[in-house]
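K.L.:
File work_31.txt below, compact mmCIF, C-alpha atoms:
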# COMPACT_ATOMS: atom_id res chain seq x y z
CA MET G 957 1.38 -27.30 20.43
CA SER G 958 4.39 -25.41 19.13
CA ILE G 959 3.92 -22.33 16.96
CA ILE G 960 6.09 -21.82 13.90
CA ILE G 961 6.10 -18.58 11.95
CA THR G 962 8.03 -17.64 8.81
CA ALA G 963 10.13 -14.52 8.32
CA PHE G 964 12.47 -13.13 5.68
CA GLU G 965 15.89 -14.74 5.62
CA ARG G 966 17.01 -11.21 4.79
CA SER G 967 14.45 -8.46 5.34
CA PRO G 968 14.22 -5.72 2.68
CA ASP G 969 14.36 -3.15 5.47
CA GLY G 970 17.58 -4.56 6.91
CA GLY G 971 16.07 -5.07 10.37
CA LYS G 972 14.04 -1.89 10.92
CA GLY G 973 11.14 -4.05 12.06
CA LEU G 974 8.83 -3.13 9.19
CA ALA G 975 8.48 -6.64 7.79
CA ARG G 976 5.15 -8.07 8.80
CA ASP G 977 6.55 -10.88 10.91
CA THR G 978 7.24 -8.18 13.52
CA ARG G 979 3.47 -7.73 13.97
CA VAL G 980 3.02 -11.43 14.64
CA ARG G 981 6.08 -11.59 16.91
CA TRP G 982 4.68 -8.62 18.87
CA ALA G 983 1.30 -10.31 19.31
CA LEU G 984 2.96 -13.53 20.46
CA GLU G 985 5.10 -11.59 22.93
CA GLU G 986 2.07 -9.73 24.32
CA ALA G 987 0.34 -13.11 24.70
CA GLU G 988 3.50 -14.60 26.24
CA GLN G 989 3.53 -17.47 23.77
CA PRO G 990 6.83 -19.06 22.69
CA TYR G 991 7.36 -19.56 18.97
CA GLU G 992 9.86 -20.80 16.47
CA VAL G 993 10.89 -19.04 13.29
CA ARG G 994 11.62 -20.58 9.92
CA LEU G 995 13.51 -18.20 7.65
CA VAL G 996 12.57 -18.08 3.98
CA SER G 997 14.57 -16.62 1.09
CA PHE G 998 12.94 -14.49 -1.62
CA ALA G 999 13.36 -17.37 -4.04
CA ALA G 1000 11.84 -19.94 -1.69
CA MET G 1001 8.82 -17.70 -1.02
CA LYS G 1002 7.72 -18.23 -4.62
CA GLU G 1003 8.24 -22.00 -4.56
CA PRO G 1004 5.25 -24.36 -4.35
CA ALA G 1005 6.07 -25.49 -0.80
CA HIS G 1006 5.70 -21.94 0.53
CA VAL G 1007 2.85 -20.93 -1.78
CA ALA G 1008 0.92 -23.90 -0.36
CA LEU G 1009 1.11 -22.07 2.98
CA HIS G 1010 0.74 -18.54 1.62
CA PRO G 1011 -1.06 -18.09 -1.72
CA PHE G 1012 0.50 -14.66 -2.26
CA GLY G 1013 4.05 -15.96 -1.70
CA GLN G 1014 4.83 -13.70 1.24
CA ILE G 1015 5.71 -13.87 4.91
CA PRO G 1016 4.64 -14.33 7.64
CA THR G 1017 2.81 -17.63 7.89
CA TYR G 1018 1.67 -19.31 11.10
CA GLU G 1019 1.64 -23.04 11.75
CA GLU G 1020 0.25 -24.62 14.88
CA GLY G 1021 -0.33 -28.34 14.54
CA ASP G 1022 -2.83 -28.81 11.72
CA LEU G 1023 -3.69 -25.13 11.50
CA VAL G 1024 -1.97 -23.06 8.81
CA LEU G 1025 -2.66 -19.34 8.55
CA PHE G 1026 -1.27 -16.57 6.38
CA GLU G 1027 -2.26 -12.87 6.37
CA THR G 1028 -1.03 -10.89 9.33
CA GLY G 1029 -4.45 -9.63 10.40
CA GLY G 1030 -5.84 -13.15 10.56
CA ILE G 1031 -2.82 -14.45 12.46
CA VAL G 1032 -2.83 -11.64 15.02
CA PHE G 1033 -6.57 -12.04 15.50
CA HIS G 1034 -6.17 -15.79 16.07
CA ILE G 1035 -3.52 -15.14 18.72
CA ALA G 1036 -5.58 -12.34 20.30
CA GLU G 1037 -8.70 -14.45 20.50
CA ARG G 1038 -7.03 -17.38 22.21
CA HIS G 1039 -4.79 -15.66 24.75
CA ALA G 1040 -5.22 -12.88 27.27
CA GLY G 1041 -3.72 -9.44 26.72
CA LEU G 1042 -4.87 -8.35 23.29
CA LEU G 1043 -8.67 -8.15 23.38
CA PRO G 1044 -10.88 -6.74 26.15
CA HIS G 1045 -13.42 -8.99 27.89
CA ASP G 1046 -16.33 -6.53 27.57
CA ALA G 1047 -18.24 -7.48 24.40
CA HIS G 1048 -18.62 -3.95 23.05
CA ALA G 1049 -15.02 -2.98 23.76
CA ARG G 1050 -13.92 -6.23 22.11
CA ALA G 1051 -15.94 -5.44 18.97
CA ARG G 1052 -14.36 -1.99 18.82
CA ALA G 1053 -10.83 -3.37 19.26
CA ILE G 1054 -11.40 -5.74 16.33
CA MET G 1055 -12.88 -2.82 14.36
CA TRP G 1056 -9.62 -0.91 14.89
CA MET G 1057 -7.63 -3.88 13.58
CA PHE G 1058 -9.63 -3.73 10.37
CA ALA G 1059 -9.39 0.08 10.29
CA ALA G 1060 -5.60 -0.07 10.50
CA LEU G 1061 -5.42 -2.59 7.66
CA ASN G 1062 -8.12 -1.31 5.33
CA SER G 1063 -8.56 2.42 6.05
CA VAL G 1064 -5.03 3.48 6.97
CA GLU G 1065 -2.51 1.04 5.50
CA PRO G 1066 -3.70 1.22 1.85
CA THR G 1067 -2.82 4.93 1.65
CA ILE G 1068 0.61 4.11 3.09
CA LEU G 1069 1.11 1.19 0.71
CA GLU G 1070 0.67 3.67 -2.15
CA LEU G 1071 3.70 5.51 -0.87
CA VAL G 1072 5.71 2.29 -0.74
CA THR G 1073 4.65 1.46 -4.30
CA ALA G 1074 5.42 4.99 -5.48
CA LYS G 1075 8.92 4.78 -4.04
CA PHE G 1076 10.00 1.26 -4.80
CA GLN G 1077 8.06 0.36 -7.93
CA GLU G 1078 7.63 3.74 -9.59
CA GLY G 1079 10.51 5.75 -8.16
CA ASP G 1080 12.27 5.75 -11.53
CA LYS G 1081 9.22 6.86 -13.52
CA PRO G 1082 9.06 10.33 -15.06
CA TRP G 1083 5.99 11.21 -12.97
CA SER G 1084 7.49 10.17 -9.67
CA LYS G 1085 8.57 13.59 -8.41
CA GLU G 1086 5.35 15.35 -9.31
CA ARG G 1087 3.10 12.56 -8.09
CA MET G 1088 4.70 11.89 -4.71
CA PRO G 1089 3.17 14.96 -2.99
CA LEU G 1090 -0.32 13.80 -3.99
CA VAL G 1091 0.32 10.40 -2.43
CA ALA G 1092 1.70 12.02 0.72
CA ASP G 1093 -1.28 14.38 0.97
CA ARG G 1094 -3.72 11.48 0.88
CA ILE G 1095 -1.84 9.94 3.79
CA ARG G 1096 -1.91 13.27 5.66
CA GLN G 1097 -5.65 13.52 5.24
CA ARG G 1098 -6.19 10.11 6.81
CA LEU G 1099 -3.68 10.72 9.58
CA GLY G 1100 -5.31 14.02 10.44
CA GLN G 1101 -8.62 12.24 10.94
CA LEU G 1102 -7.00 9.53 13.01
CA SER G 1103 -5.15 12.06 15.15
CA THR G 1104 -8.39 13.92 15.82
CA ARG G 1105 -10.07 10.72 16.95
CA LEU G 1106 -7.16 9.66 19.16
CA GLY G 1107 -6.86 13.10 20.71
CA ASP G 1108 -4.91 12.94 23.94
CA ALA G 1109 -5.87 9.36 24.72
CA GLU G 1110 -3.18 6.79 25.39
CA TRP G 1111 -4.69 4.15 23.13
CA LEU G 1112 -7.51 4.13 20.57
CA ASP G 1113 -10.20 2.75 22.86
CA GLY G 1114 -9.39 2.32 26.53
CA ALA G 1115 -6.69 -0.25 27.27
CA PHE G 1116 -4.04 -1.34 24.76
CA SER G 1117 -5.47 -3.92 22.35
CA ALA G 1118 -4.75 -5.79 19.14
CA GLY G 1119 -6.27 -2.74 17.42
CA ASP G 1120 -3.45 -0.59 18.76
CA LEU G 1121 -0.87 -3.24 17.92
CA MET G 1122 -1.99 -3.16 14.32
CA MET G 1123 -2.40 0.61 14.07
CA VAL G 1124 1.03 1.30 15.58
CA SER G 1125 2.57 -1.27 13.24
CA VAL G 1126 0.96 0.35 10.22
CA LEU G 1127 1.96 3.88 11.26
CA LEU G 1128 5.56 2.77 11.88
CA ARG G 1129 5.92 2.33 8.13
CA LEU G 1130 5.73 6.13 7.82
CA ARG G 1131 8.48 7.11 10.16
CA LEU G 1132 11.26 7.25 7.56
CA SER G 1133 9.13 9.49 5.33
CA GLY G 1134 8.87 12.14 8.05
CA ILE G 1135 5.09 12.26 7.68
CA LEU G 1136 4.43 10.63 11.03
CA ASP G 1137 6.29 13.40 12.84
CA GLU G 1138 3.91 15.96 11.33
CA PHE G 1139 1.28 14.49 13.68
CA PRO G 1140 2.76 14.75 17.17
CA LYS G 1141 -0.11 12.91 18.85
CA LEU G 1142 0.27 9.98 16.51
CA ALA G 1143 4.05 10.03 16.80
CA ALA G 1144 3.70 9.86 20.60
CA TYR G 1145 1.14 7.06 20.24
CA VAL G 1146 3.56 5.05 18.10
CA ALA G 1147 6.33 5.71 20.61
CA ARG G 1148 4.11 4.33 23.38
CA GLY G 1149 3.67 1.19 21.33
CA GLU G 1150 7.39 0.82 20.76
CA ALA G 1151 8.03 1.30 24.47
CA ARG G 1152 6.05 -1.80 25.38
CA PRO G 1153 8.34 -4.62 26.55
CA ALA G 1154 6.61 -7.06 24.21
CA TYR G 1155 7.32 -4.82 21.21
CA LYS G 1156 10.94 -4.46 22.25
CA ARG G 1157 11.38 -8.22 22.44
CA ALA G 1158 9.74 -8.65 19.02
CA PHE G 1159 11.90 -5.94 17.49
CA ALA G 1160 15.09 -7.36 18.98
CA ALA G 1161 14.25 -10.84 17.71
CA GLN G 1162 13.86 -9.71 14.10
CA LEU G 1163 16.91 -7.47 14.36
CA ALA G 1164 19.03 -10.38 15.53
CA ILE G 1165 18.29 -12.13 12.25
CA ASN G 1166 18.81 -9.14 10.01
CA ALA G 1167 21.65 -7.25 11.68
CA GLY G 1168 24.69 -7.17 9.47
CA LYS G 1169 22.81 -8.33 6.42
CA PRO G 1170 22.42 -5.33 4.15
CA ALA G 1171 19.09 -5.35 2.33
CA ASN G 1172 20.76 -5.01 -1.05
CA GLY G 1173 23.57 -7.40 -0.19
CA MET H 676 -32.20 -4.38 19.81
CA SER H 677 -32.67 -2.69 16.47
CA ILE H 678 -29.75 -2.28 14.09
CA ILE H 679 -29.25 1.00 12.24
CA ILE H 680 -26.69 1.38 9.46
CA THR H 681 -25.79 4.43 7.41
CA ALA H 682 -25.56 4.59 3.63
CA PHE H 683 -25.05 7.25 0.97
CA GLU H 684 -28.08 9.42 0.32
CA ARG H 685 -26.80 9.28 -3.24
CA SER H 686 -24.15 6.66 -3.99
CA PRO H 687 -21.25 7.72 -6.24
CA ASP H 688 -21.80 4.54 -8.26
CA GLY H 689 -25.46 5.32 -8.88
CA GLY H 690 -26.65 2.03 -7.38
CA LYS H 691 -24.16 -0.52 -8.75
CA GLY H 692 -23.78 -1.91 -5.26
CA LEU H 693 -20.13 -0.95 -4.86
CA ALA H 694 -20.62 1.36 -1.87
CA ARG H 695 -19.57 -0.41 1.27
CA ASP H 696 -22.99 -0.47 2.89
CA THR H 697 -23.77 -3.29 0.45
CA ARG H 698 -21.24 -5.50 2.27
CA VAL H 699 -22.95 -4.86 5.60
CA ARG H 700 -26.44 -5.31 4.11
CA TRP H 701 -25.28 -8.62 2.61
CA ALA H 702 -23.96 -9.85 5.96
CA LEU H 703 -27.18 -8.85 7.69
CA GLU H 704 -29.22 -10.63 5.03
CA GLU H 705 -27.12 -13.81 5.35
CA ALA H 706 -27.64 -13.61 9.10
CA GLU H 707 -31.36 -12.92 8.61
CA GLN H 708 -31.23 -9.81 10.77
CA PRO H 709 -33.58 -6.88 10.10
CA TYR H 710 -32.02 -3.44 9.97
CA GLU H 711 -32.87 0.17 9.39
CA VAL H 712 -30.95 2.57 7.17
CA ARG H 713 -30.21 6.21 7.79
CA LEU H 714 -29.14 8.02 4.63
CA VAL H 715 -26.32 10.54 4.85
CA SER H 716 -25.39 13.24 2.34
CA PHE H 717 -21.77 13.94 1.38
CA ALA H 718 -21.93 17.17 3.33
CA ALA H 719 -23.38 15.54 6.44
CA MET H 720 -20.70 12.83 6.40
CA LYS H 721 -18.11 15.47 7.23
CA GLU H 722 -20.17 17.05 10.02
CA PRO H 723 -19.28 16.44 13.69
CA ALA H 724 -22.38 14.33 14.32
CA HIS H 725 -21.33 11.76 11.74
CA VAL H 726 -17.60 12.00 12.42
CA ALA H 727 -18.41 11.09 16.02
CA LEU H 728 -19.64 7.77 14.64
CA HIS H 729 -17.03 7.40 11.89
CA PRO H 730 -13.68 9.16 12.36
CA PHE H 731 -12.93 9.00 8.63
CA GLY H 732 -16.25 10.60 7.68
CA GLN H 733 -17.48 7.71 5.58
CA ILE H 734 -20.27 5.16 5.41
CA PRO H 735 -21.33 2.63 6.60
CA THR H 736 -21.67 2.86 10.34
CA TYR H 737 -23.48 0.37 12.56
CA GLU H 738 -25.49 1.22 15.67
CA GLU H 739 -27.04 -1.36 17.93
CA GLY H 740 -28.10 0.05 21.29
CA ASP H 741 -24.96 1.42 22.93
CA LEU H 742 -22.61 -0.15 20.41
CA VAL H 743 -21.33 2.02 17.59
CA LEU H 744 -19.05 0.55 14.94
CA PHE H 745 -17.52 1.91 11.75
CA GLU H 746 -15.20 0.07 9.30
CA THR H 747 -16.87 -2.53 7.15
CA GLY H 748 -14.58 -5.39 8.17
CA GLY H 749 -15.28 -4.81 11.84
CA ILE H 750 -19.01 -4.54 11.28
CA VAL H 751 -19.24 -7.68 9.15
CA PHE H 752 -17.12 -9.58 11.66
CA HIS H 753 -19.39 -8.47 14.51
CA ILE H 754 -22.44 -9.70 12.62
CA ALA H 755 -20.70 -12.94 11.63
CA GLU H 756 -19.62 -13.71 15.15
CA ARG H 757 -23.05 -13.26 16.69
CA HIS H 758 -25.28 -14.98 14.16
CA ALA H 759 -25.21 -18.27 12.28
CA GLY H 760 -24.40 -18.46 8.59
CA LEU H 761 -21.14 -16.56 8.15
CA LEU H 762 -18.50 -18.39 10.18
CA PRO H 763 -17.95 -22.14 10.48
CA HIS H 764 -18.20 -23.86 13.87
CA ASP H 765 -14.94 -25.79 13.53
CA ALA H 766 -12.22 -23.71 15.21
CA HIS H 767 -9.62 -24.10 12.46
CA ALA H 768 -12.07 -23.44 9.65
CA ARG H 769 -13.32 -20.39 11.55
CA ALA H 770 -9.77 -19.03 11.88
CA ARG H 771 -9.24 -19.49 8.15
CA ALA H 772 -12.54 -17.78 7.28
CA ILE H 773 -11.49 -14.76 9.35
CA MET H 774 -8.06 -14.89 7.70
CA TRP H 775 -9.74 -14.59 4.31
CA MET H 776 -11.69 -11.54 5.50
CA PHE H 777 -8.40 -9.87 6.33
CA ALA H 778 -6.82 -11.12 3.09
CA ALA H 779 -9.61 -9.55 1.05
CA LEU H 780 -9.22 -6.22 2.81
CA ASN H 781 -5.45 -6.00 3.20
CA SER H 782 -3.91 -8.16 0.43
CA VAL H 783 -6.41 -7.75 -2.40
CA GLU H 784 -8.38 -4.52 -1.96
CA PRO H 785 -5.37 -2.15 -1.64
CA THR H 786 -4.21 -2.97 -5.19
CA ILE H 787 -7.76 -2.34 -6.40
CA LEU H 788 -8.03 0.92 -4.46
CA GLU H 789 -4.98 2.14 -6.39
CA LEU H 790 -6.98 1.74 -9.58
CA VAL H 791 -9.87 3.73 -8.09
CA THR H 792 -7.46 6.47 -7.02
CA ALA H 793 -5.74 6.47 -10.41
CA LYS H 794 -9.07 6.90 -12.17
CA PHE H 795 -10.94 9.32 -9.98
CA GLN H 796 -8.20 11.35 -8.31
CA GLU H 797 -5.44 11.25 -10.94
CA GLY H 798 -7.37 10.62 -14.12
CA ASP H 799 -6.64 14.13 -15.34
CA LYS H 800 -2.90 13.99 -14.62
CA PRO H 801 -0.36 13.88 -17.45
CA TRP H 802 0.94 10.48 -16.26
CA SER H 803 -2.46 8.84 -16.08
CA LYS H 804 -2.41 7.03 -19.42
CA GLU H 805 1.09 5.67 -19.03
CA ARG H 806 0.71 4.72 -15.40
CA MET H 807 -2.64 2.93 -15.56
CA PRO H 808 -1.23 -0.30 -17.10
CA LEU H 809 1.24 -0.59 -14.19
CA VAL H 810 -1.60 -0.31 -11.69
CA ALA H 811 -3.64 -2.87 -13.60
CA ASP H 812 -0.71 -5.27 -13.81
CA ARG H 813 -0.26 -5.20 -10.03
CA ILE H 814 -3.92 -6.18 -9.70
CA ARG H 815 -3.47 -8.96 -12.25
CA GLN H 816 -0.54 -10.37 -10.32
CA ARG H 817 -2.57 -10.61 -7.13
CA LEU H 818 -5.63 -11.98 -8.91
CA GLY H 819 -3.55 -14.64 -10.62
CA GLN H 820 -2.35 -15.85 -7.22
CA LEU H 821 -5.86 -15.80 -5.82
CA SER H 822 -7.25 -17.67 -8.82
CA THR H 823 -4.58 -20.35 -8.43
CA ARG H 824 -5.49 -20.81 -4.78
CA LEU H 825 -9.23 -20.92 -5.47
CA GLY H 826 -8.82 -23.36 -8.34
CA ASP H 827 -12.10 -25.06 -9.15
CA ALA H 828 -13.47 -24.79 -5.62
CA GLU H 829 -16.84 -23.18 -5.05
CA TRP H 830 -15.65 -21.03 -2.15
CA LEU H 831 -12.25 -20.18 -0.67
CA ASP H 832 -12.33 -22.71 2.14
CA GLY H 833 -15.21 -25.19 2.25
CA ALA H 834 -18.61 -23.64 2.84
CA PHE H 835 -19.47 -20.01 2.05
CA SER H 836 -18.24 -17.71 4.83
CA ALA H 837 -17.70 -14.07 5.74
CA GLY H 838 -14.31 -14.48 4.02
CA ASP H 839 -16.08 -15.14 0.73
CA LEU H 840 -18.55 -12.32 1.36
CA MET H 841 -15.65 -9.91 1.71
CA MET H 842 -13.56 -11.30 -1.16
CA VAL H 843 -16.49 -11.28 -3.59
CA SER H 844 -17.34 -7.71 -2.52
CA VAL H 845 -13.77 -6.58 -3.11
CA LEU H 846 -13.51 -8.31 -6.50
CA LEU H 847 -16.82 -6.80 -7.62
CA ARG H 848 -15.10 -3.41 -7.70
CA LEU H 849 -13.11 -4.67 -10.69
CA ARG H 850 -15.92 -5.72 -12.95
CA LEU H 851 -16.27 -2.43 -14.81
CA SER H 852 -12.52 -2.39 -15.55
CA GLY H 853 -12.75 -5.72 -17.39
CA ILE H 854 -9.88 -7.13 -15.34
CA LEU H 855 -12.08 -9.55 -13.42
CA ASP H 856 -13.17 -11.24 -16.63
CA GLU H 857 -9.53 -12.01 -17.44
CA PHE H 858 -9.73 -14.54 -14.59
CA PRO H 859 -12.66 -16.83 -15.45
CA LYS H 860 -12.46 -18.78 -12.19
CA LEU H 861 -12.67 -15.61 -10.15
CA ALA H 862 -15.42 -14.19 -12.36
CA ALA H 863 -17.42 -17.38 -11.79
CA TYR H 864 -16.70 -17.17 -8.05
CA VAL H 865 -18.03 -13.60 -7.95
CA ALA H 866 -21.09 -14.67 -9.93
CA ARG H 867 -21.76 -17.40 -7.35
CA GLY H 868 -21.67 -14.74 -4.66
CA GLU H 869 -24.06 -12.50 -6.55
CA ALA H 870 -26.44 -15.42 -7.07
CA ARG H 871 -26.98 -15.88 -3.35
CA PRO H 872 -30.47 -14.76 -2.30
CA ALA H 873 -28.99 -12.70 0.55
CA TYR H 874 -26.77 -10.78 -1.87
CA LYS H 875 -29.70 -10.17 -4.20
CA ARG H 876 -31.77 -8.72 -1.37
CA ALA H 877 -28.87 -6.50 -0.28
CA PHE H 878 -28.28 -5.31 -3.83
CA ALA H 879 -31.95 -4.58 -4.42
CA ALA H 880 -32.19 -2.61 -1.17
CA GLN H 881 -29.33 -0.27 -2.09
CA LEU H 882 -30.58 0.03 -5.66
CA ALA H 883 -34.01 1.10 -4.43
CA ILE H 884 -32.38 4.10 -2.78
CA ASN H 885 -30.13 5.05 -5.66
CA ALA H 886 -32.22 4.24 -8.73
CA GLY H 887 -33.05 7.35 -10.68
CA LYS H 888 -30.49 9.44 -8.84
CA PRO H 889 -27.61 10.04 -11.22
CA ALA H 890 -24.28 9.99 -9.40
CA ASN H 891 -23.30 13.37 -10.80
CA GLY H 892 -26.78 14.84 -10.38
Can you turn what I pasted into structure tokens?
P.N.:
Amino acid sequence: MSIIITAFERSPDGGKGLARDTRVRWALEEAEQPYEVRLVSFAAMKEPAHVALHPFGQIPTYEEGDLVLFETGGIVFHIAERHAGLLPHDAHARARAIMWMFAALNSVEPTILELVTAKFQEGDKPWSKERMPLVADRIRQRLGQLSTRLGDAEWLDGAFSAGDLMMVSVLLRLRLSGILDEFPKLAAYVARGEARPAYKRAFAAQLAINAGKPANG
Amino acid sequence: MSIIITAFERSPDGGKGLARDTRVRWALEEAEQPYEVRLVSFAAMKEPAHVALHPFGQIPTYEEGDLVLFETGGIVFHIAERHAGLLPHDAHARARAIMWMFAALNSVEPTILELVTAKFQEGDKPWSKERMPLVADRIRQRLGQLSTRLGDAEWLDGAFSAGDLMMVSVLLRLRLSGILDEFPKLAAYVARGEARPAYKRAFAAQLAINAGKPANG
């Protein structure tokens, strides 16, 4: 059964790999599953045909025969559950890997999303300059805790898992801000993720679509 | 194997059921699993013994023999996967129920967390009054999309699932703000969740701990 995902026709990040289709591409590459990509414009994302797939009018979506999924966490979990390479066999280790997926998306990413909102939706507001350090400090607090837990380990819990895939993807959003580099252990952890052949293939695939298409073009 | 969860010794909400142990209690009640509760003070949550269980120094945690989990989504998923009542048997419906768990935690709750942050961490800032409507409008946008998808259905995708448990729990955080009541279909959906006997037992259990303990006491 062929897998079809959706991605931005033109990613707001111009191909830096931060759009969420990269997470799904990465999971599919780790699982060695071929997939097709349907590109969607910003206008088309809000049209009924796409909203029928994704109620929040975003990308990515995942279609596999009769199954339609949206929401990156749910898509990556579905891939991880059905193919080797992303979840450990041991029941306890598996539960912890899934726990880290949720932790990335609900305990780490929300603080980072506040920074994105502060920049792109409130960057022109009079409070922007004074407020930004507060937002950044809340991220630092969470990253400090995460760095302490990771310590000198290679991955969050034994072998690389879907939990690491999600955590690395979430942390990557911080690189441009410079905050990630304040936590050398986390920066090295993210670099290990990016060095995986599956990540490289996923990154290259999204770049091939977005290269030469300026985000504001 | 007995299950032990942690909860606030004194919940910041004074027993309104918004602390995240309620989500885990609810899942355990739906699954008809007995559990014990260990109460943790704010000070103890930051101590090494608790941080060893929960790297972000929060509640709830979940202990079951050798297995230790933190992160509500991961805990509820673990319960849902191992007991009847929270995930459908059909493979596609199961994937969609899990997708809705992630959607609640990563596409809906982050906008709501911004409101919590704006109130409790930035409520005294000079920009608070002017900024709050922007935060509320971002929540309204997401809730409008969710309400459209739910329509007149009882639950998000067929029978009640862990996806509904999580979405109702996330939406409950909005009740005091009045925003939930602007979306009658979602308000009715939340009320259906609260009417479930398992939810009522979970709510009563956390209230029994917090009743008579003022949050600022």
K.L.:
Find the residues around region 999-1016 of chain G up to 9 Å (all atoms listed in the file counted), leave out those fewer than 4 positions away in its own chain, and share them as a list in words.
P.N.:
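Close residues of region 999-1016 of chain G: Ile961, Thr962, Ala963, Phe964, Ala975, Arg976, Asp977, Thr978, Val980, Val1024, Leu1025, Phe1026, Glu1027, Thr1028 and Ile1031 of chain G; Ser782, Arg817, Gln820, Leu821, Thr823 and Arg824 of chain H.
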K.L.:
Counting only C-alpha atoms, figure out which residue out of H:Ile773, H:Leu847, H:Ala766, H:Ala828 gets nearest to Phe1033 (chain G).
P.N.:
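Closest to Phe1033 (chain G) of all the choices is H:Ile773.
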K.L.:
How far is it from CA of Glu738 (chain H) to CA of His753 (chain H), in Å with one decimal?
P.N.:
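Answer for the CA of Glu738 (chain H) to CA of His753 (chain H) separation: 11.5 Å.
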K.L.:
Which protein, DNA or RNA residues have an atom at most 12 Å from (-10.9, -5.9, -9.9), counting all atoms listed in the file? List them as a PyMOL selection string.
P.N.:
chain H and resi 693+779+783-791+810-819+821+842-858+861-862+865
K.L.:
Nearest to chain H among G:Glu992, G:Asp1046, G:Glu985, G:Asp969, with distances taken over all atoms listed in the file: which residue is it?
P.N.:
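The shortest atom-to-atom distance to chain H comes from G:Asp1046.
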K.L.:
Quick one, how far is CA of Glu739 (chain H) from CA of Met676 (chain H)?
P.N.:
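It comes out at 6.3 Å.
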K.L.:
Nearest residue to Leu780 (chain H) out of H:Leu840, H:Val715, H:Ala877, H:Ala883, using only C-alpha atoms?
P.N.:
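Closest to Leu780 (chain H) of all the choices is H:Leu840.
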K.L.:
To one decimal in Å, tell me the separation between CA of Ala886 (chain H) and CA of Pro687 (chain H).
P.N.:
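CA of Ala886 (chain H) sits 11.8 Å away from CA of Pro687 (chain H).
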K.L.:
Which residue, G:Leu1112, G:Ala1151, G:Ile1165, G:Ala1051, has the smallest gap to Glu1037 (chain G) when you use all atoms listed in the file?
P.N.:
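Nearest to Glu1037 (chain G): G:Ala1051.
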K.L.:
Got a sec: who's within 9 Å of Pro1044 (chain G), counting only C-alpha atoms, leaving out chain neighbours fewer than 6 positions off, as a list in words?
P.N.:
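Everything that qualifies: Arg1050, Ala1051, Ala1053, Ala1115, Phe1116 and Ser1117 of chain G.
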K.L.:
Which residues, written as a count of residues only, have at least one atom at most 12 Å from region 1081-1085 of chain G, with all atoms listed in the file counted and residues fewer than 3 positions away on the same chain left out?
P.N.:
21
